[in-house]
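Visitor: Here you go, this is input-v3.csv (CSV, C-alpha atoms).
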chain,number,residue,atom,x,y,z
A,1490,MET,CA,81.2,180.1,178.5
A,1491,ASP,CA,82.8,181.6,181.6
A,1492,LEU,CA,79.9,182.2,184.0
A,1493,ASP,CA,81.9,184.5,186.2
A,1494,ALA,CA,82.3,186.8,183.1
A,1495,VAL,CA,78.6,186.5,182.4
A,1496,ARG,CA,77.8,187.3,186.0
A,1497,THR,CA,80.1,190.4,185.8
A,1498,PHE,CA,78.5,191.5,182.6
A,1499,VAL,CA,75.0,191.4,184.2
A,1500,ALA,CA,76.3,193.3,187.3
A,1501,VAL,CA,77.7,196.1,185.1
A,1502,ALA,CA,74.5,196.2,183.1
A,1503,ASP,CA,72.4,196.5,186.3
A,1504,ALA,CA,74.8,199.0,188.0
A,1505,GLY,CA,75.6,201.1,184.9
A,1506,GLN,CA,79.2,201.5,186.2
A,1507,PHE,CA,82.2,199.3,186.3
A,1508,ARG,CA,83.3,200.6,189.7
A,1509,GLU,CA,79.9,199.9,191.4
A,1510,ALA,CA,79.8,196.4,189.8
A,1511,ALA,CA,83.3,195.8,191.2
A,1512,ASP,CA,82.1,196.7,194.7
A,1513,GLN,CA,79.0,194.4,194.4
A,1514,LEU,CA,81.2,191.5,193.3
A,1515,SER,CA,84.0,192.2,195.8
A,1516,VAL,CA,86.7,192.4,193.1
A,1517,THR,CA,88.8,195.2,191.6
A,1518,GLN,CA,87.6,197.4,188.9
A,1519,GLN,CA,90.5,196.1,186.8
A,1520,ALA,CA,89.1,192.6,187.2
A,1521,VAL,CA,85.7,193.7,186.1
A,1522,SER,CA,87.1,195.3,183.0
A,1523,LYS,CA,89.2,192.2,182.2
A,1524,ARG,CA,86.3,189.8,182.5
A,1525,VAL,CA,84.1,192.0,180.3
A,1526,ALA,CA,86.9,192.3,177.7
A,1527,VAL,CA,87.3,188.5,177.6
A,1528,LEU,CA,83.6,188.0,177.2
A,1529,GLU,CA,83.5,190.5,174.4
A,1530,LYS,CA,86.4,188.8,172.7
A,1531,ASP,CA,84.7,185.4,173.0
A,1532,LEU,CA,81.4,186.7,171.6
A,1533,GLY,CA,83.1,188.8,168.9
A,1534,VAL,CA,81.0,191.9,169.7
A,1535,ARG,CA,81.1,195.0,172.0
A,1536,LEU,CA,78.7,194.8,174.9
A,1537,PHE,CA,79.2,198.3,176.4
A,1538,THR,CA,80.0,201.8,175.3
A,1539,ARG,CA,82.1,203.6,177.9
A,1540,THR,CA,80.8,207.1,178.7
A,1541,ALA,CA,81.7,209.8,181.2
A,1542,ARG,CA,78.8,208.6,183.3
A,1543,GLY,CA,79.7,204.9,183.2
A,1544,ALA,CA,78.8,202.1,180.9
A,1545,ARG,CA,75.9,201.9,178.4
A,1546,LEU,CA,74.8,198.7,176.8
A,1547,THR,CA,75.3,198.5,173.0
A,1548,ILE,CA,72.6,197.0,170.8
A,1549,ASP,CA,74.5,193.6,171.0
A,1550,GLY,CA,74.7,194.0,174.8
A,1551,GLN,CA,70.9,194.6,175.0
A,1552,ALA,CA,70.3,191.5,172.9
A,1553,PHE,CA,72.7,189.3,175.1
A,1554,LEU,CA,71.4,190.5,178.5
A,1555,PRO,CA,68.2,188.4,178.8
A,1556,HIS,CA,70.2,185.3,177.7
A,1557,ALA,CA,72.9,186.1,180.2
A,1558,ARG,CA,70.3,186.2,183.0
A,1559,ASP,CA,68.9,182.8,181.8
A,1560,LEU,CA,72.4,181.4,182.0
A,1561,LEU,CA,72.8,182.5,185.6
A,1562,ARG,CA,69.3,181.2,186.5
A,1563,ALA,CA,70.2,177.8,184.9
A,1564,GLU,CA,73.4,177.8,187.0
A,1565,GLU,CA,71.3,178.3,190.2
A,1566,ARG,CA,69.0,175.5,189.3
A,1567,ALA,CA,71.9,173.2,188.5
A,1568,VAL,CA,73.5,173.8,191.8
A,1569,ALA,CA,70.2,173.5,193.7
A,1570,SER,CA,69.5,170.1,192.0
A,1571,VAL,CA,72.4,168.5,193.8
A,1572,ARG,CA,72.6,170.6,197.0
A,1573,SER,CA,72.1,168.5,200.1
A,1574,GLY,CA,68.4,167.6,200.6
A,1575,ARG,CA,67.3,169.2,197.3
A,1576,ARG,CA,67.8,166.4,194.8
A,1577,ALA,CA,65.1,163.7,194.7
A,1578,LEU,CA,66.2,160.4,196.2
A,1579,ARG,CA,66.5,157.9,193.3
A,1580,VAL,CA,65.4,154.4,194.3
A,1581,ASP,CA,65.2,151.2,192.3
A,1582,VAL,CA,62.4,148.7,192.6
A,1583,ILE,CA,62.1,145.4,190.7
A,1584,GLY,CA,58.6,146.3,189.5
A,1585,ARG,CA,56.1,149.1,190.2
A,1586,GLU,CA,53.3,146.6,191.1
A,1587,LEU,CA,55.5,144.6,193.5
A,1588,ALA,CA,56.0,144.9,197.3
A,1589,PRO,CA,59.0,147.3,197.3
A,1590,ALA,CA,56.9,149.9,195.4
A,1591,GLY,CA,54.3,149.5,198.1
A,1592,LEU,CA,56.9,150.0,200.8
A,1593,LEU,CA,57.9,153.3,199.1
A,1594,ARG,CA,54.2,154.4,198.9
A,1595,ASP,CA,53.9,153.7,202.6
A,1596,PHE,CA,57.1,155.7,203.2
A,1597,LEU,CA,55.7,158.7,201.3
A,1598,HIS,CA,52.5,158.5,203.2
A,1599,ALA,CA,54.4,158.6,206.5
A,1600,ARG,CA,56.9,161.2,205.3
A,1601,PRO,CA,54.9,163.5,203.0
A,1602,GLY,CA,57.0,166.0,201.0
A,1603,THR,CA,59.9,163.6,200.4
A,1604,GLU,CA,61.0,163.8,196.8
A,1605,LEU,CA,61.5,160.4,195.2
A,1606,ASP,CA,62.5,159.3,191.7
A,1607,VAL,CA,61.5,155.6,191.2
A,1608,VAL,CA,63.3,153.6,188.6
A,1609,THR,CA,63.5,149.9,187.7
A,1610,HIS,CA,66.6,147.9,186.9
A,1611,PHE,CA,66.4,144.3,185.6
A,1612,ASP,CA,68.1,142.3,188.3
A,1613,ALA,CA,70.2,142.6,191.4
A,1614,ALA,CA,73.5,142.7,189.6
A,1615,SER,CA,72.6,145.7,187.5
A,1616,ALA,CA,71.0,147.4,190.5
A,1617,ILE,CA,74.1,147.0,192.7
A,1618,ALA,CA,76.3,148.2,189.9
A,1619,ALA,CA,74.1,151.3,189.6
A,1620,VAL,CA,74.3,151.9,193.4
A,1621,ARG,CA,78.1,151.5,193.2
A,1622,SER,CA,78.4,154.0,190.3
A,1623,GLY,CA,76.0,156.5,192.0
A,1624,THR,CA,73.4,156.6,189.3
A,1625,ILE,CA,70.8,155.5,191.9
A,1626,ASP,CA,70.8,156.0,195.7
A,1627,ALA,CA,69.3,152.7,196.8
A,1628,SER,CA,67.6,149.5,195.6
A,1629,PHE,CA,65.1,147.0,197.0
A,1630,ARG,CA,66.4,143.5,196.1
A,1631,ALA,CA,66.8,140.0,197.3
A,1632,VAL,CA,70.6,139.7,197.8
A,1633,THR,CA,72.0,136.3,197.1
A,1634,LEU,CA,75.7,137.1,197.8
A,1635,PRO,CA,77.2,137.2,201.3
A,1636,ALA,CA,78.4,140.7,202.5
A,1637,ARG,CA,82.0,139.8,201.9
A,1638,GLN,CA,81.4,139.2,198.2
A,1639,LEU,CA,79.6,142.5,197.6
A,1640,PRO,CA,81.5,145.5,196.1
A,1641,GLU,CA,83.4,147.7,198.6
A,1642,ARG,CA,81.2,150.0,200.6
A,1643,ILE,CA,77.9,148.4,199.4
A,1644,GLU,CA,75.7,147.8,202.4
A,1645,THR,CA,72.5,145.8,202.7
A,1646,ALA,CA,69.8,145.2,205.2
A,1647,ARG,CA,66.7,143.0,205.2
A,1648,VAL,CA,63.7,145.2,205.4
A,1649,TYR,CA,60.7,143.0,204.5
A,1650,ASP,CA,59.9,139.3,204.4
A,1651,GLU,CA,57.0,139.0,202.0
A,1652,PRO,CA,54.8,135.9,202.3
A,1653,ILE,CA,54.3,134.0,199.0
A,1654,GLN,CA,50.8,133.0,197.9
A,1655,LEU,CA,49.4,130.5,195.4
A,1656,LEU,CA,47.2,132.0,192.6
A,1657,THR,CA,44.8,129.6,190.9
A,1658,GLY,CA,41.8,129.8,188.5
A,1659,PRO,CA,38.3,128.7,189.4
A,1660,ALA,CA,38.7,125.2,187.8
A,1661,HIS,CA,41.9,124.3,189.7
A,1662,GLU,CA,41.8,121.5,192.2
A,1663,LEU,CA,43.0,123.7,195.1
A,1664,THR,CA,40.8,126.7,194.3
A,1665,ASP,CA,38.5,126.2,197.4
A,1666,ALA,CA,41.4,125.6,199.8
A,1667,ARG,CA,41.8,128.3,202.5
A,1668,ALA,CA,45.5,127.5,202.8
A,1669,VAL,CA,47.9,124.9,201.5
A,1670,THR,CA,51.3,123.7,202.7
A,1671,PRO,CA,54.4,123.6,200.5
A,1672,ALA,CA,54.3,119.8,200.8
A,1673,GLU,CA,50.7,119.7,199.4
A,1674,LEU,CA,51.9,121.5,196.3
A,1675,ALA,CA,54.2,118.7,195.3
A,1676,GLY,CA,52.9,117.2,192.0
A,1677,HIS,CA,51.0,120.3,191.0
A,1678,ARG,CA,52.2,122.4,188.0
A,1679,ILE,CA,53.3,125.9,189.0
A,1680,TRP,CA,53.9,128.1,185.9
A,1681,MET,CA,56.2,131.1,186.2
A,1682,PRO,CA,57.4,132.1,182.7
A,1683,GLY,CA,59.0,135.2,184.1
A,1684,LEU,CA,61.9,133.2,185.7
A,1685,VAL,CA,65.2,134.1,184.1
A,1686,ALA,CA,68.4,132.2,184.7
A,1687,GLY,CA,70.9,134.1,186.8
A,1688,THR,CA,68.4,136.5,188.5
A,1689,GLU,CA,67.8,136.7,192.2
A,1690,TRP,CA,64.1,135.8,191.9
A,1691,THR,CA,65.0,132.6,190.0
A,1692,ALA,CA,67.5,131.7,192.6
A,1693,TYR,CA,64.8,132.0,195.2
A,1694,TYR,CA,62.2,129.8,193.4
A,1695,ASP,CA,64.8,127.3,192.4
A,1696,GLU,CA,65.7,126.7,196.0
A,1697,LEU,CA,62.0,126.7,197.0
A,1698,ALA,CA,61.3,124.0,194.4
A,1699,ALA,CA,64.3,121.9,195.4
A,1700,THR,CA,63.5,122.1,199.2
A,1701,PHE,CA,59.8,121.0,198.9
A,1702,GLY,CA,59.9,118.9,195.7
A,1703,LEU,CA,57.8,121.3,193.7
A,1704,THR,CA,57.4,121.5,189.9
A,1705,ILE,CA,57.9,125.1,188.8
A,1706,GLU,CA,57.8,125.5,185.0
A,1707,ALA,CA,59.4,128.5,183.3
A,1708,THR,CA,58.6,127.3,179.7
A,1709,GLY,CA,57.1,129.4,177.0
A,1710,PRO,CA,57.5,133.1,176.3
A,1711,HIS,CA,56.6,135.7,179.0
A,1712,PHE,CA,54.3,138.3,177.5
A,1713,GLY,CA,53.6,140.0,180.9
A,1714,THR,CA,51.2,139.7,183.8
A,1715,GLU,CA,47.9,140.0,181.9
A,1716,PRO,CA,48.5,137.1,179.5
A,1717,LEU,CA,49.8,135.0,182.5
A,1718,LEU,CA,46.6,135.7,184.4
A,1719,ASP,CA,44.5,134.8,181.4
A,1720,VAL,CA,46.1,131.4,181.2
A,1721,ILE,CA,45.8,130.7,184.9
A,1722,ALA,CA,42.1,131.7,184.9
A,1723,ASP,CA,41.3,129.1,182.2
A,1724,SER,CA,43.6,126.3,183.4
A,1725,PRO,CA,42.5,123.4,185.7
A,1726,GLU,CA,46.1,122.4,186.1
A,1727,LEU,CA,48.3,125.5,186.2
A,1728,ALA,CA,48.8,127.8,189.2
A,1729,THR,CA,51.4,130.4,189.9
A,1730,PHE,CA,53.1,132.1,192.9
A,1731,VAL,CA,52.7,135.7,193.7
A,1732,GLY,CA,53.8,137.9,196.6
A,1733,GLU,CA,51.3,138.9,199.2
A,1734,ARG,CA,51.7,142.6,198.4
A,1735,THR,CA,51.9,142.2,194.6
A,1736,GLN,CA,49.1,144.4,193.1
A,1737,LEU,CA,47.2,142.5,190.5
A,1738,LEU,CA,44.0,143.4,188.6
A,1739,TRP,CA,41.9,141.0,186.5
A,1740,PRO,CA,38.4,140.8,185.1
A,1741,ALA,CA,35.8,139.6,187.5
A,1742,GLU,CA,34.9,136.7,185.3
A,1743,HIS,CA,38.5,135.3,185.7
A,1744,GLY,CA,37.5,134.2,189.3
A,1745,LEU,CA,41.2,134.0,190.4
A,1746,ARG,CA,41.9,133.0,194.0
A,1747,ARG,CA,44.9,133.9,196.2
A,1748,ILE,CA,45.6,131.0,198.6
A,1749,ALA,CA,47.9,131.4,201.6
A,1750,VAL,CA,50.8,129.0,201.9
A,1751,HIS,CA,51.5,127.9,205.5
A,1752,ASP,CA,53.5,125.4,207.5
A,1753,PRO,CA,56.0,126.9,206.7
A,1754,THR,CA,55.2,130.1,204.9
A,1755,PRO,CA,57.8,130.8,202.2
A,1756,VAL,CA,58.8,134.5,202.5
A,1757,TYR,CA,60.7,136.5,199.9
A,1758,PRO,CA,63.6,138.4,201.6
A,1759,HIS,CA,63.5,142.0,200.3
A,1760,SER,CA,66.6,144.0,201.3
A,1761,LEU,CA,67.6,147.6,200.9
A,1762,VAL,CA,70.9,148.1,199.1
A,1763,TRP,CA,72.9,151.4,199.3
A,1764,HIS,CA,76.4,152.9,199.2
A,1765,GLY,CA,78.0,153.5,202.5
A,1766,ASP,CA,79.3,156.9,201.3
A,1767,ASN,CA,75.9,158.2,200.2
A,1768,SER,CA,75.0,161.1,202.5
A,1769,HIS,CA,71.6,162.0,201.0
A,1770,PRO,CA,69.4,163.0,204.0
A,1771,ALA,CA,66.3,161.3,202.5
A,1772,LEU,CA,68.2,158.0,202.3
A,1773,ALA,CA,68.9,158.1,206.1
A,1774,THR,CA,65.2,158.9,206.6
A,1775,LEU,CA,64.1,156.0,204.5
A,1776,ARG,CA,66.4,153.6,206.4
A,1777,ASP,CA,65.1,154.9,209.7
A,1778,TYR,CA,61.5,154.4,208.5
A,1779,LEU,CA,62.1,150.8,207.3
A,1780,GLY,CA,63.9,150.0,210.6
A,1781,SER,CA,61.0,151.3,212.6
A,1782,THR,CA,58.3,149.4,210.7
A,1783,ARG,CA,59.9,146.0,210.2
A,1784,PRO,CA,59.0,143.3,212.7
A,1785,ASP,CA,61.8,141.6,214.5
A,1786,HIS,CA,63.4,139.0,212.1
A,1787,ARG,CA,64.3,135.5,213.2
A,1788,ASP,CA,66.1,133.4,210.7
A,1789,GLY,CA,65.2,129.7,211.0
A,1790,ASP,CA,61.7,130.4,212.4
A,1791,ALA,CA,59.8,127.2,212.0
A,1792,GLU,CA,56.7,129.1,210.7
A,1793,THR,CA,58.6,130.6,207.7
A,1794,TRP,CA,61.0,129.5,205.1
A,1795,THR,CA,63.8,131.5,203.3
A,1796,PRO,CA,66.6,130.3,201.1
A,1797,LYS,CA,69.9,129.4,202.7
A,1798,TRP,CA,71.6,132.4,201.1
A,1799,ALA,CA,69.1,134.7,202.9
A,1800,ARG,CA,69.7,133.1,206.4
A,1801,GLY,CA,72.2,134.2,208.9
A,1802,ASP,CA,71.8,137.8,207.7
A,1803,SER,CA,70.8,139.1,211.2
A,1804,GLU,CA,73.6,141.6,211.3
A,1805,GLY,CA,72.2,143.4,208.3
A,1806,VAL,CA,68.6,143.4,209.4
A,1807,PHE,CA,67.0,146.6,210.5
A,1808,ARG,CA,65.6,146.2,214.0
A,1809,ASN,CA,62.7,148.1,215.6
A,1810,THR,CA,63.9,151.1,217.5
A,1811,PRO,CA,62.7,151.6,221.1
Write out the structure in this file as structure tokens.
Guide:
Amino acid sequence: MDLDAVRTFVAVADAGQFREAADQLSVTQQAVSKRVAVLEKDLGVRLFTRTARGARLTIDGQAFLPHARDLLRAEERAVASVRSGRRALRVDVIGRELAPAGLLRDFLHARPGTELDVVTHFDAASAIAAVRSGTIDASFRAVTLPARQLPERIETARVYDEPIQLLTGPAHELTDARAVTPAELAGHRIWMPGLVAGTEWTAYYDELAATFGLTIEATGPHFGTEPLLDVIADSPELATFVGERTQLLWPAEHGLRRIAVHDPTPVYPHSLVWHGDNSHPALATLRDYLGSTRPDHRDGDAETWTPKWARGDSEGVFRNTP
């Protein structure tokens, strides 16, 4: 339906005259008459009766008027939804209990009133494709590809290096340790059934295992976090890795322990991914916030470990601003 014709119909109905409606719309009276005639033809009914005093709504015109107003209000809402600064910033996170979701909560606390729409894509490949197509504004991901291999205008920056911890049950050999080294984990069974071939998180743990001679098992079906915690709680042999900011809840009787991993500390390299042509003001605000809160990054730091594909990314790291 031609919304200009609908707008003209409403203007005539409110004014009661074609001439006054034309003045309000800054068009000629002939244009007003033509638009109304086209609308009447499309609807197959007469909307006005012309009188010496102007235009009076017919019964059909009276029936159509409230719906015409609804159409114009819907148009206003549609335009406002994408007008600069009005649309919610759509951001992808790998999981709502993981560190990137926590970073977004911190951002909202620091920038109250920001409208966010949080979604989850399966892996970096699908997230980057969504950023490229414009269905999301940004994504938090570990990026395994060098910048030259990313799609055109896709930009990334390291925003948070998350320490990895060991999670054990009360009967595990290491449960009383205050901290362990990666070397001390060699020979222990680390169970991570959520590892999926071809994903960025599997690439991370594959290189971690190869570097330190670890045994990371991905066997068996993955039924989610709660069944995994149940198994870890009852096992004297199995442990798993979790991120420092991963939010986990378990029954008190599970007696699970988070154990720090040091010398070096494996850190998971979370990056922000966005399209260089995206002008959403909240995206710029989010990038500024992440840059101001991220500690200086030093690849190759003896106290931390990251995969080779995450090193040498200093050009894409947000630095603290003075």
Visitor: What does the distance between CA of Pro1635 in chain A and CA of Thr1691 in chain A come to in Å, to one decimal place?
Guide: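 Computing it gives 17.3 Å between the two atoms.
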Visitor: Using all atoms listed in the file for the distances, tell me which of A:Gly1658, A:Val1582, A:Glu1509, A:Ile1705 is nearest to Trp1739 in chain A.
Guide: A:Gly1658
Visitor: Which is closest to Glu1651 in chain A among A:Arg1630, A:Arg1734, A:His1769, A:Arg1783, if we use all atoms listed in the file?
Guide: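 Closest to Glu1651 in chain A of all the choices is A:Arg1734.
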Visitor: Write out as number ranges by chain the residues lying within 8 Å of Leu1761 in chain A, counting all atoms listed in the file and excluding same-chain residues fewer than 3 positions away.
Guide: A: 1627-1630, 1645-1648
Visitor: Work out how far CA of Gly1550 in chain A is from CA of Phe1537 in chain A, in Å to one decimal.
Guide: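 These atoms are spaced 6.4 Å apart.
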Visitor: Got a moment to write range 1633-1646 of chain A out with C-alpha atoms, as a PDB file, in the first residue's frame?
Guide:
ATOM      1  CA  THR A1633      42.444 -18.331  14.611  1.00  0.00           C
ATOM      2  CA  LEU A1634      42.975 -16.712  11.189  1.00  0.00           C
ATOM      3  CA  PRO A1635      45.494 -13.946  10.485  1.00  0.00           C
ATOM      4  CA  ALA A1636      43.988 -10.607   9.483  1.00  0.00           C
ATOM      5  CA  ARG A1637      44.947 -11.061   5.825  1.00  0.00           C
ATOM      6  CA  GLN A1638      42.757 -14.175   5.602  1.00  0.00           C
ATOM      7  CA  LEU A1639      39.641 -12.594   7.094  1.00  0.00           C
ATOM      8  CA  PRO A1640      36.876 -11.326   4.794  1.00  0.00           C
ATOM      9  CA  GLU A1641      37.284  -7.790   3.494  1.00  0.00           C
ATOM     10  CA  ARG A1642      36.507  -5.039   6.044  1.00  0.00           C
ATOM     11  CA  ILE A1643      36.235  -7.513   8.941  1.00  0.00           C
ATOM     12  CA  GLU A1644      38.248  -6.104  11.837  1.00  0.00           C
ATOM     13  CA  THR A1645      39.322  -7.730  15.098  1.00  0.00           C
ATOM     14  CA  ALA A1646      41.005  -6.702  18.319  1.00  0.00           C
TER      15      ALA A1646
END
